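As structure tokens, the structure follows; a few thoughts come after it.
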Amino acid sequence: MVVARSIALKAVNTASLWGLNRSRFGGLPKVQTVRALSTIMSPPSKAVVYEHHGPPDSVTRMIELPPVEVQENQVCVKMLAAPINPSDINRIEGVYPVRPQVPAVGGYEGVGEVYSVGSAVKGLSPGDLVIPSPPSSGTWQTYVVKDHDLWHKISKDSPIEYAATVTVNPLTAIRMLEDFTTLSAGDSIVQNGATSIVGQCVIQLARYRGIHSINIIRDRAGSDEVKERLKALGADEVFTESQLEVKNVKSLLSNIPEPALGLNCVGGHAASLVLKFLRQGGTMVTYGGMSKKPVTVSTSSFIFKDLSLRGFWLQKWLSADKAKECRDMVDYLLRLAQERKLKYEMELVPFDKFHSALEKALGKHGSQPKQVIKF
């Protein structure tokens, strides 16, 4: 009892010193001052936190958080890897529609290993590989304590870097291919932002289903190499935006049918190029706006082509009671990754180099692979 109480008092004093309440950092519970001898405590955790919104490279810092109690229905997970996604950056900046209350620990998805479980937890044991599913804020820390029903057990054969990144981008790709129109083998889709992780996943998932992909990339140095890399993933056609400055873009297609589905993550002129390719009655789905320019559509496209414009936000899909479907999709995607049928470029970065990885994720060093923190 003396040992347990000593740990608890130390945790309380540390939290008081920082002015922090760990329940505000990723949903972890407050530390109580009285413990039973059988109380399970998490180890201390190193975390990337932000106390107010602003530029991520200015407002984030790495601190030590004290141990907390693992309650009877909770699981303590030792994090193994977690990515830096654009939506993570937007949450820190305070511009994402759904974000945790500050102060908060950053991160939204990742993979970890069960470290300890509460007395009432069934189905999870120390050593199990798990991901938060649906994803949950607070993954940029070495130990996370959350309710057991948040954690989804995955195969121990899952590649760690893909397990860490499977939910946000690959899941977005597969949902957009399935949710807006019926695609069959031999059909085609068109997308901009083809070099993004979502774009790369769309190419591979489409190819796996026998669906052709037409891909639009920005004009930049090395575009020929980018084209070859995307074609190696399974892209049928890859065009730079300047190549599409022709009266009839469909004349550039050989034996590929006009696409029924277009995917837009850029906006502005790049979105208009997607619309040019769509067949009569086609649908364009917007899931991002990297150019920060609006989507504009000609009146004739609506009247004479009967085009439909839709939007997709993964957070909304996940909140619609989709937990089981989400986990089934995650397992399917991880099997494809394990079989090397789904792959994308990532850079694993040690946790103590977090701010170097953050600079790359912010685009301060040009185009970079997905940054994945390794704990």
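Ordering of the structure tokens sets the chain letters (A, B, ...); residue numbers start at 1 within each chain; ligands are numbered from 1 in the order shown.
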
Each residue of segment 78-117 of chain A with at least one atom at most 10 Å from segment 339-360 of chain A should appear once, together with its nearest atom pair and the corresponding distance in Å (one decimal); atoms considered: only C-alpha atoms; ordering: chain, then increasing residue number; output as a Markdown table.
| residue | atom | partner | partner_atom | distance |
| --- | --- | --- | --- | --- |
| A:Leu80 | CA | A:Phe351 | CA | 9.9 |
| A:Ala81 | CA | A:Leu348 | CA | 8.4 |
| A:Ala82 | CA | A:Leu348 | CA | 9.4 |
| A:Pro83 | CA | A:Leu348 | CA | 8.9 |
| A:Ile84 | CA | A:Leu358 | CA | 7.2 |
| A:Asn85 | CA | A:Leu358 | CA | 9.8 |
| A:Ile89 | CA | A:Leu358 | CA | 8.9 |

Within 12 Å of segment 183-193 of chain A, which residues of segment 229-336 of chain A come that close, and what is the closest atom pair and distance in Å for each? Count only C-alpha atoms and give it as a tab-separated table.
residue	atom	partner	partner_atom	distance
A:Leu230	CA	A:Gly193	CA	11.5
A:Ala235	CA	A:Val190	CA	10.3
A:Asp236	CA	A:Ser188	CA	9.5
A:Glu237	CA	A:Val190	CA	9.3
A:Val238	CA	A:Asn192	CA	9.8
A:Phe239	CA	A:Asn192	CA	9.5
A:Thr240	CA	A:Asn192	CA	9.6
A:Glu241	CA	A:Asn192	CA	9.1
A:Leu244	CA	A:Asn192	CA	12.0
A:Val249	CA	A:Val190	CA	11.9
A:Lys250	CA	A:Val190	CA	11.4
A:Leu253	CA	A:Ser188	CA	11.1
A:Asn255	CA	A:Gly186	CA	10.2
A:Ile256	CA	A:Ser188	CA	7.0
A:Pro257	CA	A:Ser188	CA	6.3
A:Glu258	CA	A:Ser188	CA	6.7
A:Pro259	CA	A:Ser188	CA	4.6
A:Ala260	CA	A:Ile189	CA	6.2
A:Leu261	CA	A:Ile189	CA	5.0
A:Gly262	CA	A:Val190	CA	4.7
A:Leu263	CA	A:Gln191	CA	4.6
A:Asn264	CA	A:Asn192	CA	5.6
A:Cys265	CA	A:Gly193	CA	6.1
A:Val266	CA	A:Gly193	CA	6.4
A:Gly267	CA	A:Asn192	CA	9.0
A:Gly268	CA	A:Asn192	CA	11.0
A:His269	CA	A:Asn192	CA	10.3
A:Ala270	CA	A:Asn192	CA	6.5
A:Ala271	CA	A:Asn192	CA	7.3
A:Ser272	CA	A:Asn192	CA	10.0
A:Leu273	CA	A:Asn192	CA	8.3
A:Val274	CA	A:Gln191	CA	6.3
A:Leu275	CA	A:Val190	CA	8.9
A:Lys276	CA	A:Val190	CA	9.9
A:Phe277	CA	A:Val190	CA	7.2
A:Leu278	CA	A:Val190	CA	7.8
A:Arg279	CA	A:Ile189	CA	10.1
A:Gly282	CA	A:Ile189	CA	9.9
A:Thr283	CA	A:Ile189	CA	9.9
A:Met284	CA	A:Val190	CA	9.0
A:Val285	CA	A:Gln191	CA	9.4
A:Thr286	CA	A:Gln191	CA	10.0
A:Tyr287	CA	A:Gly193	CA	10.7
A:Gly288	CA	A:Gly193	CA	9.5
A:Gly289	CA	A:Gly193	CA	10.0
A:Met290	CA	A:Gly193	CA	8.8
A:Ser291	CA	A:Gly193	CA	10.4

Task: Which residue of A:Ser133, A:Ala337, A:Ile197, A:Ala173 approaches Leu318 of chain A most closely, using only C-alpha atoms - done: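 Ranked by minimum distance to Leu318 of chain A, first place goes to A:Ser133.
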
Task: In segment 164-355 of chain A, DSSP strand (DSSP E) residues written as a PyMOL selection string - done: chain A and resi 188-191+212-217+237-240+261-264+283-286+308-311+346-350

Task: Residue nearest Thr165 of chain A - candidates A:Ser119, A:Gln243, A:Thr181, A:Thr139, atoms counted: only C-alpha atoms - done: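 Of all the options, A:Thr139 lies closest to Thr165 of chain A.
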
- [ ] Per DSSP on the backbone, filter segment 42-252 of chain A down to the residues in alpha helix (DSSP H) and report them as a PyMOL selection string.
- [x] chain A and resi 56-59+86-93+160-165+169-179+197-208+223-233

Got time to write the residues from that selection, N, CA and C atoms, as a short mmCIF file (atom, residue, chain, number, x, y, z; two decimals), in the first residue's frame?
data_model
loop_
_atom_site.label_atom_id
_atom_site.label_comp_id
_atom_site.auth_asym_id
_atom_site.auth_seq_id
_atom_site.Cartn_x
_atom_site.Cartn_y
_atom_site.Cartn_z
N PRO A 56 1.80 24.19 -35.86
CA PRO A 56 2.23 22.98 -35.15
C PRO A 56 3.69 22.99 -34.72
N ASP A 57 4.56 23.58 -35.53
CA ASP A 57 5.98 23.59 -35.16
C ASP A 57 6.28 24.59 -34.05
N SER A 58 5.31 25.43 -33.72
CA SER A 58 5.49 26.40 -32.64
C SER A 58 4.80 26.00 -31.35
N VAL A 59 3.64 25.36 -31.46
CA VAL A 59 2.83 25.12 -30.26
C VAL A 59 3.00 23.72 -29.68
N PRO A 86 -2.21 15.07 -42.48
CA PRO A 86 -2.66 16.46 -42.64
C PRO A 86 -3.78 16.84 -41.67
N SER A 87 -4.67 15.90 -41.38
CA SER A 87 -5.76 16.21 -40.43
C SER A 87 -5.22 16.42 -39.02
N ASP A 88 -4.11 15.74 -38.65
CA ASP A 88 -3.47 15.99 -37.36
C ASP A 88 -2.98 17.44 -37.27
N ILE A 89 -2.39 17.88 -38.37
CA ILE A 89 -1.88 19.26 -38.43
C ILE A 89 -3.04 20.24 -38.32
N ASN A 90 -4.14 19.96 -39.04
CA ASN A 90 -5.30 20.85 -38.98
C ASN A 90 -5.92 20.90 -37.59
N ARG A 91 -5.90 19.78 -36.87
CA ARG A 91 -6.43 19.78 -35.49
C ARG A 91 -5.60 20.70 -34.60
N ILE A 92 -4.29 20.61 -34.74
CA ILE A 92 -3.41 21.46 -33.93
C ILE A 92 -3.60 22.92 -34.29
N GLU A 93 -3.80 23.19 -35.57
CA GLU A 93 -4.01 24.57 -36.01
C GLU A 93 -5.36 25.11 -35.55
N ILE A 160 3.98 -3.26 -39.35
CA ILE A 160 3.74 -2.22 -38.35
C ILE A 160 3.42 -0.87 -38.98
N GLU A 161 4.19 -0.46 -39.99
CA GLU A 161 3.97 0.86 -40.57
C GLU A 161 2.61 0.96 -41.27
N TYR A 162 2.13 -0.16 -41.83
CA TYR A 162 0.81 -0.14 -42.47
C TYR A 162 -0.31 -0.22 -41.42
N ALA A 163 -0.09 -0.97 -40.36
CA ALA A 163 -1.07 -1.00 -39.28
C ALA A 163 -1.24 0.39 -38.67
N ALA A 164 -0.15 1.15 -38.60
CA ALA A 164 -0.20 2.50 -38.02
C ALA A 164 -0.97 3.48 -38.89
N THR A 165 -1.02 3.21 -40.20
CA THR A 165 -1.57 4.19 -41.14
C THR A 165 -2.80 3.69 -41.90
N ASN A 169 -6.16 6.96 -44.41
CA ASN A 169 -6.02 7.09 -45.87
C ASN A 169 -6.53 5.88 -46.66
N PRO A 170 -6.06 4.65 -46.41
CA PRO A 170 -6.58 3.51 -47.18
C PRO A 170 -8.09 3.32 -47.01
N LEU A 171 -8.60 3.54 -45.81
CA LEU A 171 -10.04 3.38 -45.59
C LEU A 171 -10.83 4.43 -46.37
N THR A 172 -10.30 5.65 -46.44
CA THR A 172 -10.94 6.68 -47.26
C THR A 172 -11.00 6.24 -48.72
N ALA A 173 -9.90 5.68 -49.21
CA ALA A 173 -9.84 5.24 -50.61
C ALA A 173 -10.89 4.18 -50.91
N ILE A 174 -10.97 3.17 -50.08
CA ILE A 174 -11.90 2.07 -50.37
C ILE A 174 -13.35 2.49 -50.21
N ARG A 175 -13.64 3.36 -49.26
CA ARG A 175 -15.02 3.80 -49.09
C ARG A 175 -15.47 4.62 -50.30
N MET A 176 -14.61 5.47 -50.83
CA MET A 176 -15.01 6.28 -51.98
C MET A 176 -15.23 5.41 -53.22
N LEU A 177 -14.47 4.35 -53.36
CA LEU A 177 -14.66 3.44 -54.49
C LEU A 177 -15.97 2.66 -54.38
N GLU A 178 -16.45 2.49 -53.16
CA GLU A 178 -17.62 1.63 -52.96
C GLU A 178 -18.93 2.36 -52.69
N ASP A 179 -18.86 3.60 -52.22
CA ASP A 179 -20.06 4.22 -51.66
C ASP A 179 -20.85 5.12 -52.60
N ILE A 197 -1.26 9.54 -50.49
CA ILE A 197 -1.46 8.17 -50.02
C ILE A 197 -2.83 7.66 -50.45
N VAL A 198 -3.86 8.50 -50.31
CA VAL A 198 -5.18 8.09 -50.77
C VAL A 198 -5.14 7.78 -52.26
N GLY A 199 -4.51 8.65 -53.04
CA GLY A 199 -4.42 8.45 -54.48
C GLY A 199 -3.73 7.16 -54.84
N GLN A 200 -2.62 6.87 -54.17
CA GLN A 200 -1.90 5.61 -54.44
C GLN A 200 -2.76 4.40 -54.07
N CYS A 201 -3.49 4.51 -52.98
CA CYS A 201 -4.37 3.40 -52.58
C CYS A 201 -5.49 3.21 -53.58
N VAL A 202 -6.06 4.30 -54.09
CA VAL A 202 -7.12 4.21 -55.09
C VAL A 202 -6.62 3.45 -56.31
N ILE A 203 -5.42 3.79 -56.78
CA ILE A 203 -4.85 3.13 -57.96
C ILE A 203 -4.77 1.63 -57.74
N GLN A 204 -4.24 1.23 -56.59
CA GLN A 204 -4.01 -0.20 -56.34
C GLN A 204 -5.30 -0.96 -56.08
N LEU A 205 -6.21 -0.36 -55.32
CA LEU A 205 -7.49 -1.01 -55.04
C LEU A 205 -8.32 -1.14 -56.32
N ALA A 206 -8.24 -0.11 -57.18
CA ALA A 206 -8.95 -0.18 -58.45
C ALA A 206 -8.36 -1.28 -59.33
N ARG A 207 -7.07 -1.32 -59.44
CA ARG A 207 -6.42 -2.35 -60.27
C ARG A 207 -6.78 -3.75 -59.77
N TYR A 208 -6.79 -3.93 -58.45
CA TYR A 208 -7.10 -5.22 -57.85
C TYR A 208 -8.51 -5.68 -58.24
N SER A 223 8.42 14.94 -63.03
CA SER A 223 7.08 14.39 -63.26
C SER A 223 7.12 13.08 -64.05
N ASP A 224 8.12 12.93 -64.91
CA ASP A 224 8.23 11.66 -65.66
C ASP A 224 8.48 10.49 -64.71
N GLU A 225 9.33 10.71 -63.71
CA GLU A 225 9.60 9.66 -62.73
C GLU A 225 8.36 9.36 -61.90
N VAL A 226 7.61 10.40 -61.58
CA VAL A 226 6.37 10.21 -60.82
C VAL A 226 5.39 9.37 -61.63
N LYS A 227 5.28 9.66 -62.92
CA LYS A 227 4.38 8.89 -63.79
C LYS A 227 4.75 7.42 -63.77
N GLU A 228 6.04 7.14 -63.90
CA GLU A 228 6.49 5.74 -63.92
C GLU A 228 6.20 5.05 -62.60
N ARG A 229 6.37 5.78 -61.51
CA ARG A 229 6.12 5.19 -60.20
C ARG A 229 4.64 4.84 -60.02
N LEU A 230 3.77 5.74 -60.47
CA LEU A 230 2.33 5.47 -60.36
C LEU A 230 1.90 4.35 -61.29
N LYS A 231 2.50 4.29 -62.47
CA LYS A 231 2.16 3.19 -63.38
C LYS A 231 2.64 1.85 -62.83
N ALA A 232 3.73 1.88 -62.09
CA ALA A 232 4.21 0.64 -61.45
C ALA A 232 3.22 0.15 -60.40
N LEU A 233 2.46 1.08 -59.81
CA LEU A 233 1.43 0.70 -58.84
C LEU A 233 0.17 0.17 -59.51
#

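Atom CA of Thr182 of chain A to atom CA of Phe302 of chain A spans 20.7 Å [interatomic distance, one decimal].
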
Open item on the list: Give me the residues near Ile40 of chain A as a PyMOL selection string, where near means some atom within 8 Å (using only C-alpha atoms) and where sequence neighbours in that chain fewer than 4 positions away do not count.
Closed with: chain A and resi 69-71+116+118

May I have the selected residues written with all heavy atoms, as a CSV table (one decimal), in the first residue's frame?
chain,number,residue,atom,x,y,z
A,69,GLU,N,-3.9,5.3,-13.5
A,69,GLU,CA,-4.5,4.0,-13.2
A,69,GLU,C,-5.1,3.4,-14.4
A,69,GLU,O,-5.8,4.0,-15.2
A,69,GLU,CB,-5.6,4.2,-12.1
A,69,GLU,CG,-6.3,2.8,-11.7
A,69,GLU,CD,-7.4,3.0,-10.8
A,69,GLU,OE1,-7.7,4.2,-10.3
A,69,GLU,OE2,-8.1,2.0,-10.5
A,70,VAL,N,-4.9,2.1,-14.6
A,70,VAL,CA,-5.6,1.3,-15.6
A,70,VAL,C,-6.9,0.7,-14.9
A,70,VAL,O,-6.8,-0.3,-14.2
A,70,VAL,CB,-4.7,0.2,-16.2
A,70,VAL,CG1,-5.5,-0.6,-17.3
A,70,VAL,CG2,-3.4,0.8,-16.7
A,71,GLN,N,-8.0,1.3,-15.2
A,71,GLN,CA,-9.2,0.8,-14.5
A,71,GLN,C,-9.7,-0.5,-15.1
A,71,GLN,O,-9.2,-1.0,-16.1
A,71,GLN,CB,-10.3,1.9,-14.7
A,71,GLN,CG,-9.9,3.2,-14.0
A,71,GLN,CD,-10.9,4.3,-14.1
A,71,GLN,OE1,-12.0,4.1,-14.7
A,71,GLN,NE2,-10.6,5.5,-13.5
A,116,SER,N,-0.8,-3.9,-20.5
A,116,SER,CA,-1.6,-4.4,-19.4
A,116,SER,C,-3.1,-4.2,-19.6
A,116,SER,O,-3.5,-3.3,-20.4
A,116,SER,CB,-1.1,-3.8,-18.1
A,116,SER,OG,-1.4,-2.4,-18.1
A,118,GLY,N,-7.1,-4.2,-17.6
A,118,GLY,CA,-7.9,-4.1,-16.4
A,118,GLY,C,-8.5,-5.4,-16.0
A,118,GLY,O,-8.6,-6.3,-16.9

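Nearest to Arg209 of chain A of all the residues A:Ser301, A:Gly234, A:Thr60, A:Gln280 is A:Gly234, based on only C-alpha atoms.
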
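The gap separating atom CA of Val117 of chain A from atom CA of Pro67 of chain A is 14.5 Å, in Å to one decimal.
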
Task: Residue among A:Tyr96, A:Glu113, A:Val144, A:Thr296 lying closest to Met41 of chain A, counting only C-alpha atoms - done: A:Val144
